[in-house]
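Asks: Below you'll find the structure I mean.
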Amino acid sequence: MPIDVIAIRGLTFSYQGNEALKDVTFAITAGDYVGVVGPNGSGKSTLVRCILGLNRVDRGEITLFGVHLETFGDWHRIGYLPQGLQYFNPNFPATVEEIVRLGRLSRKRFPRRFDGDDRGAVNRSLELMGIDAIRRKLVGELSGGLLQRVLLARALVNEPDLLILDEPTTALDPDTRESFYATLKDLNVRKGTTIVLVTHDSATVGLYASRLLYLDKRIIFYGTFPEFCASADMTGIFGHQGQHLICRRH
Amino acid sequence: MSISDILQFAFLQRALLAGTLIAVLCSVLGVFLVLRRLSLIGDGLAHVTFGSVALALLFRLQSVYTSIAAIPVVLLSAVGILKIAEKARLYGDAAIGIVSSLGIAGGIMLASLAGGFNVDLFSYLFGSILAISREELLLTFALFVVVILSVALLYHDLFAITFDEQLAATSGIRVGLINNILVLLTALTVVLAMKVVGIMLISALLILPAVTALQLARGFRTAIFLSVTLGIVSVAGGIFVSFLLNLPTGATIIIVNFLLFVVASLLKKVRT
């Protein structure tokens, strides 16, 4: 029986007195590809930050691979691609290779040191993302699309069981976006990587995800695509045409 | 007078040795601070040392004890900056401003109680590395070992939080703890650097070698090694030039640093 990779019960989170998430309960099982959609300010990124322990929740319980978030330590099992870097400095002097290698820190204990295994993992990840040729380039010299690939290579360097992506395609052109989504689908199908994809692009997520979670501070809908297509609630939100467009593409 | 003649002077040997150690510390920490937009923390903590120096001079402590007395005050202030920023939800620069002005205000009051600004206080304000004692050199060496060992052991953690805190946190790095350690190491370095370039110019020694290295470096490790090299060259060069031309040492070191920055910026322009 597949285990719950993420299980959330009664999650409530407020930011500066405003409730951003209210009584959120759901579970994601191994091998799922879940698209998280919802309007602007619906709490999608906040939910991701709560799952990763970057936001301290007010109420509720989060478990990752069956372990409570407070005591969870197997961070190498999770790859995370944020919406953007917090304070990205275009003059940051790190090479592509150095940034991808940072992902291996989650496997290390103090004092953290890299070895041959890490070099091999970095090489594989660079090759997988097709960025081996630019390994010595500075990250500040890359286009938005290439930087996103580098960050995805960093997220994949541990061959994680769970990949969490927050609006990963915002900086990508349409062609790169398609190839990016294809890479994710391949990881999901071939390696069984569980994927949580936060996106505002509801139509595209229909092409790839196996389940859809519609969030608007609380969960409005969570189910498979056939369930989504039959949901009267979702018709109310997307309209017949919008819902049909998503369902037709799936 | 040749360089070998100059190196016969024991006070110059001490100055070069202490200056080199401090240049290494400032240059290494500077890279992390500049990239984390914490450049001015050195300035803020230096102003706090002004208060503690004024207090030590009020009690007529010897020079080495003045530095030792400054250590707990500056460490507490460093923690204070982080706590104010966290608890009062202020930006880091506002928290630095509060603690820094408090240090200056306290220093002025204490200096006034001690009978006004005297030669000793000025030597801390503008640096007096040529007057560094054997005891101060030993203290510098001890703190150098502490800071360098800490940075070496935490290098990857520091690199990770400098690149992106949230990514570092999702790699299991305790971002708050590493931030605290970085600021505390900076506080120790500031105490040492006040003797080299003086309280007024400490932040320049933290910022300039790092910023200059960032013009040219193609890799994070390279940036640190380049920053260290530039820091050592500027301090040693500044000491020699100031000795030969009878100029104030601290100010000369900073001018040399600035010239190196100009050269690096021109090189970068040519390269691109």
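Order determines the names: the first chain of the structure tokens is A, the second B, and so forth; residues in each chain are numbered 1 upward, and ligands are numbered 1 upward as they are shown.
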Got a sec to pull out which chain A residues are within 9 Å of chain B, counting only C-alpha atoms, and send them as a ChimeraX atom specification?

Replies: /A:52-54,73-76,78-82,85-89,91-95,98-99,102-107,110-113,136-138

Asks: Could you list, as a PyMOL selection string, every residue within 12 Å of Leu266 (chain B), counting only C-alpha atoms and ignoring same-chain residues fewer than 5 positions away?

Replies: chain B and resi 212+215-216+259-261+271-272

Asks: If we count only C-alpha atoms, what is near Asp93 (chain B) at a cut-off of 9 Å, once residues fewer than 6 positions away on the same chain are taken out, given as a list in words?

Replies: Leu38, Leu40, Ile41 and Ala85 of chain B

Asks: Store the residues picked out above in a file with all heavy atoms, as a short mmCIF file (atom, residue, chain, number, x, y, z; two decimals), in the first residue's frame.

Replies:
```
data_model
loop_
_atom_site.label_atom_id
_atom_site.label_comp_id
_atom_site.auth_asym_id
_atom_site.auth_seq_id
_atom_site.Cartn_x
_atom_site.Cartn_y
_atom_site.Cartn_z
N LEU B 38 24.75 42.73 4.37
CA LEU B 38 24.96 43.08 5.77
C LEU B 38 26.25 43.89 5.91
O LEU B 38 26.87 43.91 6.97
CB LEU B 38 25.09 41.81 6.62
CG LEU B 38 23.80 41.06 6.95
CD1 LEU B 38 24.11 39.71 7.60
CD2 LEU B 38 22.92 41.89 7.88
N LEU B 40 27.00 46.87 6.34
CA LEU B 40 27.12 47.93 7.33
C LEU B 40 27.12 47.43 8.77
O LEU B 40 27.23 48.22 9.70
CB LEU B 40 26.02 48.97 7.13
CG LEU B 40 26.27 49.85 5.89
CD1 LEU B 40 25.16 50.85 5.71
CD2 LEU B 40 27.62 50.57 5.99
N ILE B 41 27.01 46.12 8.94
CA ILE B 41 27.02 45.62 10.31
C ILE B 41 28.38 45.90 10.96
O ILE B 41 28.46 46.17 12.16
CB ILE B 41 26.66 44.11 10.38
CG1 ILE B 41 26.19 43.78 11.79
CG2 ILE B 41 27.80 43.21 9.97
CD1 ILE B 41 25.43 42.49 11.91
N ALA B 85 16.02 43.20 15.16
CA ALA B 85 15.50 42.99 13.81
C ALA B 85 14.40 41.93 13.82
O ALA B 85 13.38 42.06 13.14
CB ALA B 85 16.63 42.57 12.87
#
```

Asks: Which neighbours of Tyr33 (chain A) fall inside 8 Å, counting only C-alpha atoms, when residues of the same chain fewer than 4 positions from it are skipped, and could you give them as a ChimeraX atom specification?

Replies: /A:188,194-197,208-211

Asks: Distance CA of Tyr124 (chain B)-CA of Ile148 (chain B), one decimal place?

Replies: 24.2 Å
